[in-house]
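Heads up: the structure comes next, in structure tokens.
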Amino acid sequence: MTTHDSTPEAGSASADDRRAVTGKRRIAFAVYVAGEDELPGLQALLRSLALSDPGLCEDVVVLHPGLPDTDFDAARRLHPRLVPRTAAGRHEVFGLDGYDTVVALTPAMVVLGPLDALLKLRTGVAAVPRPGPDGTSDPHGTPGPHGGVPDDGLLVIQRRDLDRPVPPAAGRDISESLLVPLESRYDFRALRLRDDLAVPDGAVVLNFAGTPASCTGPAHAARDRFDLDDEAFRAAYLALPGPKHPDLLLHLALPFPEGSRPPIDLVRQIAEIHRGRGRHDEAVALLGEAVVGRPDLPRCHETLGVCLMALSRYEEAETHLLLATASPDFAPRAFGQLARLAWLLGRTEDARGYALAGLESDPTDANCRAWYTRTSEMIAAGGTAPDTPPGEQLAHVALFADGEENAGDKVLPEAVRSCFTADTGPDRWHQQHAHLLVDEAGLERLNARRAVIVGGGGLFLPDTAPNGNSGWQWNIPDDVLARITAPLAVFAVGYNVFDGQRYRRERFAASLRALVERSAFFGLRNHGSVARVRELLPDSLREKVRYQPCPTTVARHLDPRLAEPAVREDTVLINCAYDRAGLRFGHDYGHFLAEMASAIRDMSAAAEVRYAAHMPADERFVDDLRREHGLVLPVEPLYLLSNDAIRDLYRRTRLVIGMRGHAGMIPFGCGTPVISLVSHPKLAYFLADIDRPDWGVSVHERALGARLAERARAVLADHAAAVADVHDRQRALWAVTRDNLARLRELTGLPDPFGDPGTGPVVPAPRSAADEDRAAPSLRTAPPTL
């Protein structure tokens with residue numbers, strides 16, 4: 001979901017806005033209101049938009065000649081993202097700053113159906129052609145001295161196609177080559193119906209321009225449906241079936257009317273929206289009151305339990321999740337959550353028992369099956385202790401994937417450890433899963449180790465496994481963090497917030513400050529993350545935040561086997577990601593799929609194209625591609641492979657085109673050329689760091705297929721040069737890594753695993769962050785423009 005708060009803290013939850021990095025389109029509706037007499041029409045338009053397209057909510061920019069701001073109070077009650085702007089006339093819809101696609105409407109219109117087809121348009125200025133003087137269709141629109149598009153009709157404007165500002169006197173003067181004809185149903189004139197004709201089935205936008213107010217008939221009856229007072233409008237919207245946009249639902253449902261008891265399903269929906277935005281306390285307040293004395297609401301108890309767990313109120317969470325298990329319909333899901341809760345508290349036997357109970361409720365439940373397998377393996381291995389004394393081990397805090405989890409999260413922890421020791425196994429390392437609560441016993445285990453290494457991965461993320469202790473992925477309370485006595489290093493962690501993602505920063509920012517203060521070394525895996533984290537810190541701590549590339553990107557320097565020349569197959573591997581698909585693709589998924597199909601057909605003439613799935617959910621791309629475009633790709637299930645097998649697969653291909661961060665960084669680290677499908681800022685940040693922004697293509701790029709195919713053909717045509725370029729970029733990252741590791745050797749007292757262990761640590765003089773950036777002039781600190 002795209003949001004457009006202009007400040008870091010807009011209200012109680014902020015929205016991260018990095019469209020300049022991801023290339024994500026910003027879409028707005030625009031309406032010009034010439035005077036107070038058109039405000040009722042604006043309000044009817046807003047009601048019709050919500051009632052006819054309840055899952056849609058983009059900015060509505062209201063242009064006006066200077067009306068008092070209070071004139072828009074009634075409209076603000078109808079829509080959560082109203083943006084009034086003073087304008088000289090309707091022609092200013094062509095130049096709205098900050099938007100890529102503008103759908104221009106008028107107060108004389110009402111919306112009768114979904115507008116999704118208009119939001120998928122990507123070129124020119126679209127409008128419904130108007131009949132010319134002789135009654136024939138005139139693609140230029142209403143005849144006039146300037147020709148062009150109609151002044152009172154619907155327009156869909158792609159602003160990048162306008163090569164110059166549109167002056168007031170030439171609002172309709174648009175180049176013929178830019179005009180895109182729309183079907184008449186998208187701007188159907190009520191004048192065509194007179195008083196006795198019904199509105200045609202399929203009409204999407206009904207336009208009353210030029211229609212006398214005294215007219216009656218089916219068309220006016222259609223508009224009259226939207227002449228509602230606020231209470232009736234709210235009730236009509238809430239009664240609509242199907243999914244609703246979270247912004248609209250919150251805006252129209254809250255506050256609940258005083259003295260009334262809202263429907264429990266509505267309360268749960270609102271709570272789920274709060275939960276999705278990290279406002280777990282608000283979700284708990286709503287549901288806690290709703291379920292009092294109501295053990296017969298298992299779905300609500302389940303949601304309440306999950307939200308309480310996210311606040312680290314674990315005892316209360318367990319109580320409500322147990323209440324949810326009373327229903328056969330919700331028992332498997334609730335038992336899965338209970339298994340996770342018990343696991344993160346270190347109660348492995350209880351976790352296994354909950355998972356088993358879930359399987360007894362539903363033997364096919366995949367989540368309970370995964371928890372049963374994981375906890376059974378933990379119990380079986382529980383009696384095996386390494387021979388190495390704790391004081392000679394390092395502690396590693398990270399996400400440790402197993403089973404059919406993300407392949408990148410399997411490779412990454414091993415890569416981090418290989419920066420410090422040749423032996424990356426349990427003899428040298430004590431693993432502490434980041435999601436496990438660090439209690440007193442956990443603190444004692446960490447302090448018994450030689451040092452604590454936190455990293456890598458995108459641990460600065462608010463929603464994968466939220467907790468109330470830190471606000472990010474390491475589940476450690478501030479008071480426990482303050483009592484870590486072992487040397488603490490944050491190594492190659494990423495700031496992984498999605499473009500447009502809403503979240504609360506207060507707890508995270510406070511925990512982050514405590515972490516930076518406590519850390520002897522604090523390194524983030526791209527300059528984009530460095531900049532974002534520094535924004536949240538006081539000036540006194542910003543210099544401690546340094547750049548440390550992800551160890552997967554320097555794998556050839558960490559593993560001698562990977563430094564050998566690769567024997568490559570004539571293949572190209574593609575990877576796509578689908579977690580938080582709405583944030584990744586917005587309205588552009590159909591466009592993305594079609595462009596990828598075109599690129600794959602093109603590339604198939606030069607190499608065999610295969611698909612690399614980092615996790616089972618990634619295979620949706622293959623299914624959609626086959627269903628929508630008739631293309632079949634062989635699948636490589638990386639989530640089933642060992643780390644060596646994953647690296648070997650990426651070494652043996654000629655090119656990897658990946659959307660996941662580690663679908664680019666792992667093959668790059670193995671010496672394989674990559675092209676990134678940018679749907680998340682972190683991919684663009686990495687390409688900026690290696691000074692190769694042209695290796696990325698936004699998933700929103702209009703010419704995605706052609707650009708991707710052109711880049712791929714260039715790599716395949718001169719593959720040796722492309723590989724040499726990767727090696728050259730990698731050397732710069734390795735130089736930064738070696739420099740950072742020299743500092744860390746002083747911290748840990750470890751010998752250099754890449755040099756002569758007898759020489760001892762080589763410690764450079766302390767440098768500022770500015771010195772660090774000057775030492776690597778080829779590494780960009782600004783994101784690329786896509």
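Just remember, in the structure tokens the first chain shown is A, the second B, etc., residues are 1-based per chain, and ligands are 1-based in the order shown.
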Would you kindly return, as a PDB file with N, CA, C and O atoms, in the first residue's frame, each protein, DNA or RNA residue with an atom no farther than 12 Å from any atom of Arg225 of chain A, considering only C-alpha atoms and excluding same-chain residues fewer than 3 positions away?
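The result, stored in part.pdb:
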ATOM      1  N   ALA A  44     -20.347  13.954  -3.406  1.00  0.00           N
ATOM      2  CA  ALA A  44     -21.006  12.809  -4.042  1.00  0.00           C
ATOM      3  C   ALA A  44     -19.993  11.961  -4.792  1.00  0.00           C
ATOM      4  O   ALA A  44     -20.069  10.717  -4.783  1.00  0.00           O
ATOM      5  N   LEU A  45     -19.027  12.599  -5.447  1.00  0.00           N
ATOM      6  CA  LEU A  45     -17.981  11.860  -6.153  1.00  0.00           C
ATOM      7  C   LEU A  45     -17.170  11.008  -5.185  1.00  0.00           C
ATOM      8  O   LEU A  45     -16.885   9.826  -5.462  1.00  0.00           O
ATOM      9  N   ARG A  47     -18.093   9.838  -2.241  1.00  0.00           N
ATOM     10  CA  ARG A  47     -18.911   8.715  -1.754  1.00  0.00           C
ATOM     11  C   ARG A  47     -18.998   7.627  -2.813  1.00  0.00           C
ATOM     12  O   ARG A  47     -18.890   6.433  -2.511  1.00  0.00           O
ATOM     13  N   SER A  48     -19.191   8.034  -4.054  1.00  0.00           N
ATOM     14  CA  SER A  48     -19.324   7.040  -5.123  1.00  0.00           C
ATOM     15  C   SER A  48     -18.026   6.279  -5.328  1.00  0.00           C
ATOM     16  O   SER A  48     -18.035   5.071  -5.600  1.00  0.00           O
ATOM     17  N   LEU A  51     -17.829   3.708  -2.407  1.00  0.00           N
ATOM     18  CA  LEU A  51     -18.848   2.663  -2.455  1.00  0.00           C
ATOM     19  C   LEU A  51     -18.726   1.783  -3.693  1.00  0.00           C
ATOM     20  O   LEU A  51     -19.122   0.609  -3.658  1.00  0.00           O
ATOM     21  N   SER A  52     -18.197   2.318  -4.783  1.00  0.00           N
ATOM     22  CA  SER A  52     -18.071   1.537  -6.010  1.00  0.00           C
ATOM     23  C   SER A  52     -16.736   0.826  -6.117  1.00  0.00           C
ATOM     24  O   SER A  52     -16.607  -0.140  -6.872  1.00  0.00           O
ATOM     25  N   VAL A 110     -19.935  10.747 -11.107  1.00  0.00           N
ATOM     26  CA  VAL A 110     -19.999   9.739 -10.056  1.00  0.00           C
ATOM     27  C   VAL A 110     -19.404   8.455 -10.613  1.00  0.00           C
ATOM     28  O   VAL A 110     -19.468   8.195 -11.817  1.00  0.00           O
ATOM     29  N   VAL A 111     -18.830   7.657  -9.724  1.00  0.00           N
ATOM     30  CA  VAL A 111     -18.180   6.403 -10.102  1.00  0.00           C
ATOM     31  C   VAL A 111     -19.141   5.260  -9.813  1.00  0.00           C
ATOM     32  O   VAL A 111     -19.678   5.148  -8.704  1.00  0.00           O
ATOM     33  N   LEU A 112     -19.358   4.417 -10.812  1.00  0.00           N
ATOM     34  CA  LEU A 112     -20.308   3.311 -10.677  1.00  0.00           C
ATOM     35  C   LEU A 112     -19.637   1.946 -10.616  1.00  0.00           C
ATOM     36  O   LEU A 112     -20.304   0.945 -10.354  1.00  0.00           O
ATOM     37  N   PRO A 218     -33.424   7.588 -14.974  1.00  0.00           N
ATOM     38  CA  PRO A 218     -32.508   6.570 -14.426  1.00  0.00           C
ATOM     39  C   PRO A 218     -31.107   7.105 -14.130  1.00  0.00           C
ATOM     40  O   PRO A 218     -30.497   6.716 -13.133  1.00  0.00           O
ATOM     41  N   ALA A 219     -30.567   7.966 -14.987  1.00  0.00           N
ATOM     42  CA  ALA A 219     -29.218   8.476 -14.738  1.00  0.00           C
ATOM     43  C   ALA A 219     -29.166   9.260 -13.436  1.00  0.00           C
ATOM     44  O   ALA A 219     -28.247   9.083 -12.621  1.00  0.00           O
ATOM     45  N   HIS A 220     -30.160  10.131 -13.228  1.00  0.00           N
ATOM     46  CA  HIS A 220     -30.167  10.929 -12.002  1.00  0.00           C
ATOM     47  C   HIS A 220     -30.469  10.064 -10.787  1.00  0.00           C
ATOM     48  O   HIS A 220     -29.978  10.345  -9.688  1.00  0.00           O
ATOM     49  N   ALA A 221     -31.213   9.014 -10.974  1.00  0.00           N
ATOM     50  CA  ALA A 221     -31.436   8.078  -9.868  1.00  0.00           C
ATOM     51  C   ALA A 221     -30.136   7.391  -9.479  1.00  0.00           C
ATOM     52  O   ALA A 221     -29.880   7.132  -8.295  1.00  0.00           O
ATOM     53  N   ALA A 222     -29.304   7.101 -10.483  1.00  0.00           N
ATOM     54  CA  ALA A 222     -28.007   6.496 -10.194  1.00  0.00           C
ATOM     55  C   ALA A 222     -27.141   7.433  -9.366  1.00  0.00           C
ATOM     56  O   ALA A 222     -26.444   7.011  -8.438  1.00  0.00           O
ATOM     57  N   LEU A 228     -25.954  10.984   0.382  1.00  0.00           N
ATOM     58  CA  LEU A 228     -26.156  10.386   1.697  1.00  0.00           C
ATOM     59  C   LEU A 228     -25.561  11.292   2.768  1.00  0.00           C
ATOM     60  O   LEU A 228     -24.560  11.978   2.522  1.00  0.00           O
ATOM     61  N   ASP A 229     -26.159  11.255   3.956  1.00  0.00           N
ATOM     62  CA  ASP A 229     -25.504  11.942   5.058  1.00  0.00           C
ATOM     63  C   ASP A 229     -24.360  11.068   5.562  1.00  0.00           C
ATOM     64  O   ASP A 229     -24.204   9.912   5.148  1.00  0.00           O
ATOM     65  N   ALA A 232     -25.305   7.579   7.106  1.00  0.00           N
ATOM     66  CA  ALA A 232     -25.780   6.616   6.110  1.00  0.00           C
ATOM     67  C   ALA A 232     -24.638   6.150   5.205  1.00  0.00           C
ATOM     68  O   ALA A 232     -24.573   4.974   4.812  1.00  0.00           O
ATOM     69  N   PHE A 233     -23.740   7.073   4.875  1.00  0.00           N
ATOM     70  CA  PHE A 233     -22.605   6.703   4.030  1.00  0.00           C
ATOM     71  C   PHE A 233     -21.701   5.711   4.744  1.00  0.00           C
ATOM     72  O   PHE A 233     -21.274   4.699   4.174  1.00  0.00           O
ATOM     73  N   ALA A 236     -23.358   2.368   4.783  1.00  0.00           N
ATOM     74  CA  ALA A 236     -23.356   1.726   3.469  1.00  0.00           C
ATOM     75  C   ALA A 236     -21.988   1.141   3.149  1.00  0.00           C
ATOM     76  O   ALA A 236     -21.882   0.025   2.600  1.00  0.00           O
TER      77      ALA A 236
END
So that I can check the surroundings of Ala514 of chain A, please list as a PyMOL selection string every protein, DNA and RNA residue that reaches within 12 Å of it, counting only C-alpha atoms and ignoring chain neighbours fewer than 3 positions away. chain A and resi 470+476-484+507-511+517-519+522+536-538+541
Top pick for closest residue to Trp734 of chain A, considering A:His700, A:Arg651, A:Arg556, A:Arg352 and counting only C-alpha atoms: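 Closest residue, counting only C-alpha atoms: A:Arg556.
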Give me the residues near segment 559-564 of chain A as a list of chain:residue names, where near means some atom within 9 Å (using only C-alpha atoms) and where sequence neighbours in that chain fewer than 5 positions away do not count.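 Within the cut-off, the hits are A:Ser418, A:Arg647, A:Asp648, A:Arg651, A:Gly669, A:Cys670, A:Gly671.
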Counting only C-alpha atoms, which of A:Val497, A:Ala422, A:Leu322, A:Ala663 gets nearest to Asp752 of chain A?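 Of all the options, A:Ala422 lies closest to Asp752 of chain A.
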May I have the residues within 12 Å of Gly113 of chain A as a CSV table (one decimal) with N, CA and C atoms, in the first residue's frame, using only C-alpha atoms and disregarding those fewer than 4 positions away in the same chain?
chain,number,residue,atom,x,y,z
A,48,SER,N,-19.2,8.0,-4.1
A,48,SER,CA,-19.3,7.0,-5.1
A,48,SER,C,-18.0,6.3,-5.3
A,49,LEU,N,-16.9,7.0,-5.2
A,49,LEU,CA,-15.6,6.3,-5.3
A,49,LEU,C,-15.4,5.2,-4.3
A,50,ALA,N,-15.8,5.5,-3.0
A,50,ALA,CA,-15.6,4.6,-2.0
A,50,ALA,C,-16.6,3.4,-2.1
A,51,LEU,N,-17.8,3.7,-2.4
A,51,LEU,CA,-18.8,2.7,-2.5
A,51,LEU,C,-18.7,1.8,-3.7
A,52,SER,N,-18.2,2.3,-4.8
A,52,SER,CA,-18.1,1.5,-6.0
A,52,SER,C,-16.7,0.8,-6.1
A,53,ASP,N,-15.7,1.3,-5.4
A,53,ASP,CA,-14.4,0.7,-5.4
A,53,ASP,C,-13.8,0.7,-4.0
A,54,PRO,N,-14.4,-0.1,-3.1
A,54,PRO,CA,-14.1,-0.1,-1.7
A,54,PRO,C,-12.6,-0.5,-1.3
A,55,GLY,N,-12.0,-1.2,-2.3
A,55,GLY,CA,-10.6,-1.6,-2.0
A,55,GLY,C,-9.6,-0.6,-2.5
A,56,LEU,N,-10.0,0.5,-3.0
A,56,LEU,CA,-9.1,1.5,-3.6
A,56,LEU,C,-9.0,2.7,-2.7
A,117,ALA,N,-8.7,-0.8,-14.1
A,117,ALA,CA,-8.2,-0.8,-15.4
A,117,ALA,C,-7.5,0.5,-15.7
A,118,LEU,N,-8.0,1.7,-15.2
A,118,LEU,CA,-7.4,3.0,-15.5
A,118,LEU,C,-6.1,3.1,-14.8
A,185,ARG,N,-17.5,3.8,-21.6
A,185,ARG,CA,-18.0,3.5,-20.3
A,185,ARG,C,-17.2,4.1,-19.2
A,186,TYR,N,-16.0,4.6,-19.5
A,186,TYR,CA,-15.2,5.2,-18.5
A,186,TYR,C,-15.5,6.7,-18.4
A,187,ASP,N,-16.3,7.3,-19.3
A,187,ASP,CA,-16.7,8.7,-19.2
A,187,ASP,C,-18.1,8.8,-19.9
A,201,ASP,N,-25.4,-1.2,-18.7
A,201,ASP,CA,-24.6,-2.1,-17.8
A,201,ASP,C,-23.1,-1.9,-18.2
A,202,GLY,N,-22.3,-1.9,-17.2
A,202,GLY,CA,-20.9,-1.8,-17.4
A,202,GLY,C,-20.4,-0.3,-17.4
A,203,ALA,N,-21.3,0.7,-17.3
A,203,ALA,CA,-20.8,2.0,-17.2
A,203,ALA,C,-20.0,2.2,-15.9
A,204,VAL,N,-18.8,2.8,-16.0
A,204,VAL,CA,-17.9,2.9,-14.8
A,204,VAL,C,-18.0,4.3,-14.3
A,205,VAL,N,-18.0,5.3,-15.1
A,205,VAL,CA,-18.0,6.7,-14.7
A,205,VAL,C,-19.1,7.4,-15.4
A,206,LEU,N,-20.1,8.0,-14.7
A,206,LEU,CA,-21.2,8.7,-15.3
A,206,LEU,C,-21.0,10.2,-15.1
A,222,ALA,N,-29.3,7.1,-10.5
A,222,ALA,CA,-28.0,6.5,-10.2
A,222,ALA,C,-27.1,7.4,-9.4
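Compared by their closest atoms to Phe521 of chain A, and using only C-alpha atoms, the residues A:His557, A:Arg546, A:Arg738, A:Lys410 rank with A:Arg546 nearest.
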When DSSP is applied to the backbone of this structure, which of segment 511-729 of chain A are assigned strand (DSSP E)? Write them out as a PyMOL selection string. chain A and resi 521-524+545-547+571-575+608-613+635-637+655-658+674-678+696-698
Write to file, as a CSV table (one decimal), in the first residue's frame, the residues of the selection just made, with C-alpha atoms.
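Everything below was put into again_13.csv:
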chain,number,residue,atom,x,y,z
A,521,PHE,CA,31.4,-2.0,16.5
A,522,PHE,CA,28.3,-1.2,14.6
A,523,GLY,CA,28.3,-2.1,10.8
A,524,LEU,CA,25.4,-2.0,8.4
A,545,VAL,CA,27.4,3.6,12.4
A,546,ARG,CA,29.7,2.2,9.7
A,547,TYR,CA,29.4,0.4,6.4
A,571,THR,CA,21.6,-21.0,-18.2
A,572,VAL,CA,20.0,-17.9,-16.7
A,573,LEU,CA,18.4,-18.1,-13.3
A,574,ILE,CA,15.4,-15.9,-12.3
A,575,ASN,CA,14.1,-15.3,-8.8
A,608,GLU,CA,18.1,-21.7,-21.1
A,609,VAL,CA,16.0,-19.7,-18.5
A,610,ARG,CA,15.3,-21.5,-15.2
A,611,TYR,CA,13.7,-20.4,-12.0
A,612,ALA,CA,15.4,-20.2,-8.6
A,613,ALA,CA,12.9,-20.4,-5.7
A,635,VAL,CA,12.2,-24.8,-11.0
A,636,GLU,CA,15.3,-25.1,-8.9
A,637,PRO,CA,14.0,-25.4,-5.3
A,655,LEU,CA,23.5,-14.8,-15.1
A,656,VAL,CA,21.1,-14.4,-12.2
A,657,ILE,CA,18.1,-12.0,-12.3
A,658,GLY,CA,16.8,-11.7,-8.8
A,674,VAL,CA,23.6,-10.3,-11.6
A,675,ILE,CA,20.6,-8.1,-12.6
A,676,SER,CA,18.3,-6.9,-9.8
A,677,LEU,CA,14.6,-6.6,-10.1
A,678,VAL,CA,14.2,-3.7,-7.7
A,696,GLY,CA,19.0,-2.9,-11.6
A,697,VAL,CA,15.6,-2.5,-13.2
A,698,SER,CA,12.6,-1.3,-11.2
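Across A:Asp402, A:Asp69, A:Glu535, A:Asp623, the tightest approach to Ser642 of chain A is made by A:Asp402 when counting only C-alpha atoms.
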To one decimal place in Å, what is the distance between atom CA of Glu404 of chain A and atom CA of Cys368 of chain A?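 Interatomic distance here is 13.4 Å.
Pairwise distance (atom CA of Asp230 of chain A, atom CA of Arg81 of chain A) equals 16.8 Å.
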What are the DSSP alpha helix (DSSP H) residues of segment 427-592 of chain A, as a PyMOL selection string? chain A and resi 440-447+478-481+506-518+527-535+539-542+555-558+560-563+581-585+589-592
Hey, which of A:His251, A:Arg542, A:His680, A:Arg261 ends up closest to Gly458 of chain A? Count only C-alpha atoms.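 Smallest separation from Gly458 of chain A among the options: A:His680.
Excluding segment 327-336 of chain A itself and same-chain residues fewer than 2 positions from it, the residues having an atom within 7 Å of it are Pro298, Arg299, Glu302, Leu321, Ala324, Thr325, Leu338, Ala339, Arg340, Tyr354, Ala355, Ala357, Gly358, Leu359, Ser361, Asp362, Asp365, Asn367 and Cys368 of chain A, counting only C-alpha atoms.
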Include C-alpha atoms and write out the residues we just selected as a JSON list (two decimals), in the first residue's frame.
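The new file part_21.json reads:
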[["chain", "number", "residue", "atom", "x", "y", "z"],
["A", 298, "PRO", "CA", -12.03, -18.06, 19.01],
["A", 299, "ARG", "CA", -10.96, -15.98, 16.04],
["A", 302, "GLU", "CA", -6.41, -15.86, 18.37],
["A", 321, "LEU", "CA", -4.47, -18.59, 22.32],
["A", 324, "ALA", "CA", -8.90, -20.12, 20.63],
["A", 325, "THR", "CA", -8.00, -23.83, 20.53],
["A", 338, "LEU", "CA", 1.34, -21.46, 20.93],
["A", 339, "ALA", "CA", 4.23, -23.59, 19.67],
["A", 340, "ARG", "CA", 6.04, -20.48, 18.50],
["A", 354, "TYR", "CA", 1.57, -27.65, 21.23],
["A", 355, "ALA", "CA", 2.70, -28.53, 17.70],
["A", 357, "ALA", "CA", -1.76, -31.03, 19.50],
["A", 358, "GLY", "CA", -2.15, -28.92, 16.37],
["A", 359, "LEU", "CA", -1.34, -31.91, 14.17],
["A", 361, "SER", "CA", -6.46, -31.29, 15.18],
["A", 362, "ASP", "CA", -5.36, -31.17, 11.55],
["A", 365, "ASP", "CA", -1.31, -28.21, 8.97],
["A", 367, "ASN", "CA", 2.92, -24.68, 10.33],
["A", 368, "CYS", "CA", 2.39, -27.20, 13.12]]
Give me the residues near Gly442 of chain A as a list of chain:residue names, where near means some atom within 10 Å (using only C-alpha atoms) and where sequence neighbours in that chain fewer than 4 positions away do not count.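 The neighbour list is A:Gly346, A:Gln432, A:Leu436, A:Leu437, A:Val438, A:Leu446, A:Asn447, A:Ala448, A:Ile476, A:Val480.
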Generate a file of the selected residues that holds N, CA, C and O atoms, formatted as an mmCIF file, in the first residue's frame.
data_model
loop_
_atom_site.group_PDB
_atom_site.id
_atom_site.type_symbol
_atom_site.label_atom_id
_atom_site.label_comp_id
_atom_site.auth_asym_id
_atom_site.auth_seq_id
_atom_site.Cartn_x
_atom_site.Cartn_y
_atom_site.Cartn_z
ATOM 1 N N GLY A 346 11.931 -20.393 25.198
ATOM 2 C CA GLY A 346 12.866 -21.439 25.565
ATOM 3 C C GLY A 346 12.217 -22.692 26.109
ATOM 4 O O GLY A 346 12.909 -23.591 26.602
ATOM 5 N N GLN A 432 22.406 -18.160 18.932
ATOM 6 C CA GLN A 432 21.267 -17.578 19.649
ATOM 7 C C GLN A 432 20.311 -17.029 18.608
ATOM 8 O O GLN A 432 20.585 -15.994 17.987
ATOM 9 N N LEU A 436 14.408 -15.560 19.872
ATOM 10 C CA LEU A 436 14.298 -16.113 21.219
ATOM 11 C C LEU A 436 14.474 -15.006 22.255
ATOM 12 O O LEU A 436 15.403 -14.187 22.158
ATOM 13 N N LEU A 437 13.602 -14.968 23.239
ATOM 14 C CA LEU A 437 13.714 -13.981 24.306
ATOM 15 C C LEU A 437 15.023 -14.178 25.066
ATOM 16 O O LEU A 437 15.351 -15.286 25.489
ATOM 17 N N VAL A 438 15.767 -13.088 25.229
ATOM 18 C CA VAL A 438 16.986 -13.138 26.033
ATOM 19 C C VAL A 438 16.583 -12.878 27.486
ATOM 20 O O VAL A 438 16.386 -11.735 27.902
ATOM 21 N N LEU A 446 25.259 -15.648 26.950
ATOM 22 C CA LEU A 446 25.953 -14.695 26.082
ATOM 23 C C LEU A 446 27.210 -14.160 26.757
ATOM 24 O O LEU A 446 28.275 -14.060 26.129
ATOM 25 N N ASN A 447 27.101 -13.792 28.012
ATOM 26 C CA ASN A 447 28.244 -13.214 28.705
ATOM 27 C C ASN A 447 29.368 -14.220 28.918
ATOM 28 O O ASN A 447 30.518 -13.827 29.152
ATOM 29 N N ALA A 448 29.051 -15.508 28.864
ATOM 30 C CA ALA A 448 30.081 -16.536 29.024
ATOM 31 C C ALA A 448 30.934 -16.684 27.770
ATOM 32 O O ALA A 448 31.983 -17.335 27.809
ATOM 33 N N ILE A 476 15.324 -8.643 22.837
ATOM 34 C CA ILE A 476 16.111 -8.396 24.044
ATOM 35 C C ILE A 476 15.646 -7.107 24.708
ATOM 36 O O ILE A 476 15.621 -6.045 24.091
ATOM 37 N N VAL A 480 18.308 -5.844 29.856
ATOM 38 C CA VAL A 480 19.170 -7.014 29.636
ATOM 39 C C VAL A 480 20.327 -6.627 28.716
ATOM 40 O O VAL A 480 21.485 -7.013 28.944
#
I'd like the interatomic distance between atom CA of Phe29 of chain A and atom CA of Val103 of chain A, to a tenth of an Å.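 Those two atoms sit 4.7 Å apart.
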Give me the residues near His527 of chain A as a list in words, where near means some atom within 7 Å (using only C-alpha atoms) and where sequence neighbours in that chain fewer than 3 positions away do not count. Val530, Ala531, Tyr547, Tyr685, Asp689 and Thr781 of chain A
I need the residues from that last selection saved to file as a tab-separated table (two decimals), in the first residue's frame (with all heavy atoms), if you can.
chain	number	residue	atom	x	y	z
A	530	VAL	N	22.88	2.61	6.43
A	530	VAL	CA	23.66	3.52	7.28
A	530	VAL	C	22.93	4.86	7.40
A	530	VAL	O	22.74	5.41	8.50
A	530	VAL	CB	25.08	3.71	6.72
A	530	VAL	CG1	25.79	4.85	7.45
A	530	VAL	CG2	25.89	2.43	6.86
A	531	ALA	N	22.50	5.40	6.26
A	531	ALA	CA	21.83	6.70	6.27
A	531	ALA	C	20.51	6.64	7.03
A	531	ALA	O	20.18	7.56	7.81
A	531	ALA	CB	21.60	7.17	4.84
A	547	TYR	N	29.82	1.28	7.54
A	547	TYR	CA	29.44	0.44	6.41
A	547	TYR	C	30.21	-0.87	6.47
A	547	TYR	O	31.44	-0.89	6.52
A	547	TYR	CB	29.75	1.17	5.11
A	547	TYR	CG	29.66	0.32	3.85
A	547	TYR	CD1	28.53	-0.47	3.60
A	547	TYR	CD2	30.69	0.33	2.91
A	547	TYR	CE1	28.45	-1.23	2.44
A	547	TYR	CE2	30.61	-0.42	1.76
A	547	TYR	CZ	29.50	-1.20	1.53
A	547	TYR	OH	29.41	-1.95	0.39
A	685	TYR	N	20.19	-0.03	-2.95
A	685	TYR	CA	21.29	0.37	-2.08
A	685	TYR	C	22.55	-0.43	-2.39
A	685	TYR	O	23.66	0.11	-2.43
A	685	TYR	CB	20.90	0.17	-0.60
A	685	TYR	CG	19.83	1.08	-0.07
A	685	TYR	CD1	19.06	0.70	1.02
A	685	TYR	CD2	19.58	2.33	-0.64
A	685	TYR	CE1	18.07	1.53	1.54
A	685	TYR	CE2	18.59	3.17	-0.14
A	685	TYR	CZ	17.84	2.75	0.95
A	685	TYR	OH	16.87	3.58	1.46
A	689	ASP	N	26.20	0.86	-3.79
A	689	ASP	CA	27.46	0.60	-3.09
A	689	ASP	C	28.55	0.11	-4.03
A	689	ASP	O	29.73	0.40	-3.82
A	689	ASP	CB	27.24	-0.42	-1.97
A	689	ASP	CG	26.47	0.16	-0.79
A	689	ASP	OD1	26.41	1.39	-0.67
A	689	ASP	OD2	25.93	-0.64	0.01
A	781	THR	N	27.30	6.61	-1.95
A	781	THR	CA	26.46	6.67	-0.76
A	781	THR	C	25.03	7.04	-1.10
A	781	THR	O	24.17	6.96	-0.27
A	781	THR	CB	27.01	7.71	0.24
A	781	THR	OG1	27.08	8.97	-0.41
A	781	THR	CG2	28.40	7.30	0.71
